[in-house]
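This report concerns only the one structure given below.
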There are 2 protein chains.
Amino acid sequence: MTKPRHLTIGQLAKRTCSTTRTIRFYEQLGLIQAAERSSGGFRLFEESTIADVQCIQDLKLAGLSLEDVALLRKPTDWDRVTPERSATLDKAFANQQEAIRDRIRRLEELLQSLEKARQKIRGCQECSKQTDRSGCLDCLGGKDDDLPRVLGTILR
Amino acid sequence: MTKPRHLTIGQLAKRTCSTTRTIRFYEQLGLIQAAERSSGGFRLFEESTIADVQCIQDLKLAGLSLEDVALLRKPTDWDRVTPERSATLDKAFANQQEAIRDRIRRLEELLQSLEKARQKIRGCQECSKQTDRSGCLDCLGGKDDDLPRVLGTILR
DNA sequence: TTAAACTTTGACCTTCACGTAAAGGTTAGA
DNA sequence: TCTAACCTTTACGTGAAGGTCAAAGTTTAA
């Protein structure tokens with residue numbers, strides 16, 4: 001008994017920097033499973049469940065909802081890997097990829113917008129050192145056409 | 001009176017593909033303001049508020065919370081643009097940029113993980129055409145070390 | 001064997017970003 | 001003037017992802 005074959009919910013929580021509530025919640029959603037219960041009803045998890053929880057955490061960190069996580073993880077009944085199953089999983093992954101690429105595109109647009117905005121701001125800072133104080137309204141206002149839509153209203 | 005100087009909440013909602021509820025909510029959070037009220041108490045918005053709402057929508061699409069949106073948009077009291085104010089805004093933007101870059105990094109990691117997973121799956125599909133049906137467990141199991149942590153538990 | 005620490009289920013609470021009535025007042029047009 | 005369409009505030013509902021609390025049962029170490 002040097003190595004405890006099974007983990008209680010508290011141990012699993014601790015080793016995944018999670019909480020017992022979260023573990024139960026994931027179990028309830030079918031994202032993980034307790035291997036068995038003790039005679040008294042305690043959940044007993046296998047060590048491999050640590051990796052499962054970490055996987056869920058990683059996917060969540062990447063911005064996926066638990067529903068998405070379930071979609072990615074569920075169809076993995078690798079008991080019998082038929083070509084159809086593989087195709088399904090592959091399609092699920094491909095869909096996720098497209099969604100993620102879309103999010104990256106949006107974020108990069110925003111990044112650009114922020115960069116342009118900062119450049120404007122820096123230009124303004126300099127001019128406000130030269131003139132007294134309200135010259136900035138000139139360099140920020142007016143021709144905002146080159147500013148992306150997201151920032152046109154901020155720097156008006 | 002060919003052009004209605006002011007928009008009612010319903011018109012603003014329609015022109016931003018939004019809802020009156022959302023508009024009121026944004027007003028409540030201080031993200032937008034009604035220029036005035038009619039004698040009967042109707043909110044009357046300026047046309048420029050359309051752009052404000054669109055800006056909020058864009059920022060939200062990029063994944064920012066309304067709290068973040070407020071942070072980005074609030075400190076813009078361009079009445080007097082002091083160098084200090086500019087510096088504050090610039091810092092706020094820079095912080096947002098860093099946060100956004102971080103999210104992009106995570107998403108790209110996930111993208112790579114998904115790509116690797118799909119390659120494995122495709123390899124498996126082929127082998128399952130050759131052998132009968134359970135050879136896949138061999139090519140998927142075992143040495144998953146090259147698989148990123150997020151997918152090790154999916155393809156086990 | 002007993003106390004401390006842990007676990008069980010159940011049930012209600014929280015935040016975000018609104019949705020959805022309810023009950024009544026306002027405006028525009030015929 | 002009347003009505004349809006619009007607006008007002010107030011207030012409760014929703015769904016995601018858990019947090020928190022309670023009352024009771026279970027394990028473990030001394």
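In the structure tokens, chains take letters A, B, ... by order of appearance, with residues numbered from 1 within each chain and ligands from 1 in the order shown.
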Sorted per-residue table, range 7-44 of chain B near range 3-24 of chain C, closest atoms and distance, 12 Å, only C-alpha atoms (C1' of nucleotides), as a tab-separated table:
```
residue	atom	partner	partner_atom	distance
B:Ser18	CA	C:DC18	C1'	11.0
B:Thr19	CA	C:DC18	C1'	9.6
B:Thr20	CA	C:DC18	C1'	10.6
B:Arg21	CA	C:DC18	C1'	7.3
B:Thr22	CA	C:DC18	C1'	6.5
B:Ile23	CA	C:DC18	C1'	10.1
B:Arg24	CA	C:DC18	C1'	10.2
B:Phe25	CA	C:DC18	C1'	7.8
B:Tyr26	CA	C:DA17	C1'	10.0
B:Leu29	CA	C:DA17	C1'	11.4
```
Could you pull out all residues of range 3-125 of chain A with a DSSP call of helix (DSSP H, G or I) and give them as a PyMOL selection string?
chain A and resi 9-15+20-28+48-61+66-73+83-125
Computed gap from CA of Gly63 in chain B to CA of Leu107 in chain A is 7.6 Å
Would you mind listing what lies within 7 Å of Phe45 in chain B as a PyMOL selection string, with only C-alpha atoms (C1' of nucleotides) counted and same-chain residues fewer than 6 positions away left out?
chain B and resi 6-8+34-35
Chain A contacts on chain D, only C-alpha atoms (C1' of nucleotides), 8 Å, as a ChimeraX atom specification
/D:18,25-26
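One distance worth recording is that between CA of Leu61 in chain A and CA of Val69 in chain B, which is 20.9 Å.
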Taking only C-alpha atoms into account, which of B:Ala92, B:Leu12, B:Leu31, B:Cys55 comes nearest chain A?
B:Cys55
Give me the residues within 12 Å of DT3 in chain D as an MDAnalysis selection string, counting only C-alpha atoms (C1' of nucleotides) and dropping any in the same chain fewer than 3 places off.
chainID C and resid 27:30
Please dump the current selection as an mmCIF file, in the first residue's frame; keep N, CA and C atoms (P, O5', C5', C4', C3', O3' and C1' of nucleotides).
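Printed below is again31.cif as written:
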```
data_model
loop_
_atom_site.group_PDB
_atom_site.id
_atom_site.type_symbol
_atom_site.label_atom_id
_atom_site.label_comp_id
_atom_site.auth_asym_id
_atom_site.auth_seq_id
_atom_site.Cartn_x
_atom_site.Cartn_y
_atom_site.Cartn_z
ATOM 1 P P DT C 27 -44.361 62.324 -25.056
ATOM 2 O "O5'" DT C 27 -44.414 61.866 -26.571
ATOM 3 C "C5'" DT C 27 -44.400 60.472 -26.853
ATOM 4 C "C4'" DT C 27 -44.413 60.191 -28.333
ATOM 5 C "C3'" DT C 27 -44.794 61.311 -29.279
ATOM 6 O "O3'" DT C 27 -44.060 61.109 -30.483
ATOM 7 C "C1'" DT C 27 -46.435 59.608 -29.389
ATOM 8 P P DA C 28 -44.052 62.165 -31.689
ATOM 9 O "O5'" DA C 28 -44.813 61.344 -32.820
ATOM 10 C "C5'" DA C 28 -44.468 59.974 -33.032
ATOM 11 C "C4'" DA C 28 -45.355 59.365 -34.111
ATOM 12 C "C3'" DA C 28 -45.787 60.333 -35.211
ATOM 13 O "O3'" DA C 28 -45.857 59.602 -36.424
ATOM 14 C "C1'" DA C 28 -47.701 59.572 -34.058
ATOM 15 P P DG C 29 -46.096 60.377 -37.815
ATOM 16 O "O5'" DG C 29 -47.428 59.683 -38.364
ATOM 17 C "C5'" DG C 29 -47.606 58.280 -38.178
ATOM 18 C "C4'" DG C 29 -49.075 57.906 -38.352
ATOM 19 C "C3'" DG C 29 -49.796 58.675 -39.464
ATOM 20 O "O3'" DG C 29 -50.710 57.785 -40.091
ATOM 21 C "C1'" DG C 29 -50.910 59.046 -37.439
ATOM 22 P P DA C 30 -51.215 58.113 -41.599
ATOM 23 O "O5'" DA C 30 -52.764 57.709 -41.555
ATOM 24 C "C5'" DA C 30 -53.133 56.485 -40.917
ATOM 25 C "C4'" DA C 30 -54.570 56.565 -40.428
ATOM 26 C "C3'" DA C 30 -55.529 57.226 -41.422
ATOM 27 O "O3'" DA C 30 -56.763 56.511 -41.429
ATOM 28 C "C1'" DA C 30 -55.598 58.367 -39.354
#
```
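The space between CA of Glu109 in chain A and CA of Ile104 in chain B spans 11.5 Å.
Near Gln54 in chain B, within 8 Å and counting only C-alpha atoms (C1' of nucleotides), sit Val150 of chain A; Thr16, Ile50, Ala51, Gln57 and Asp58 of chain B, not including residues fewer than 3 positions from it in the same chain.
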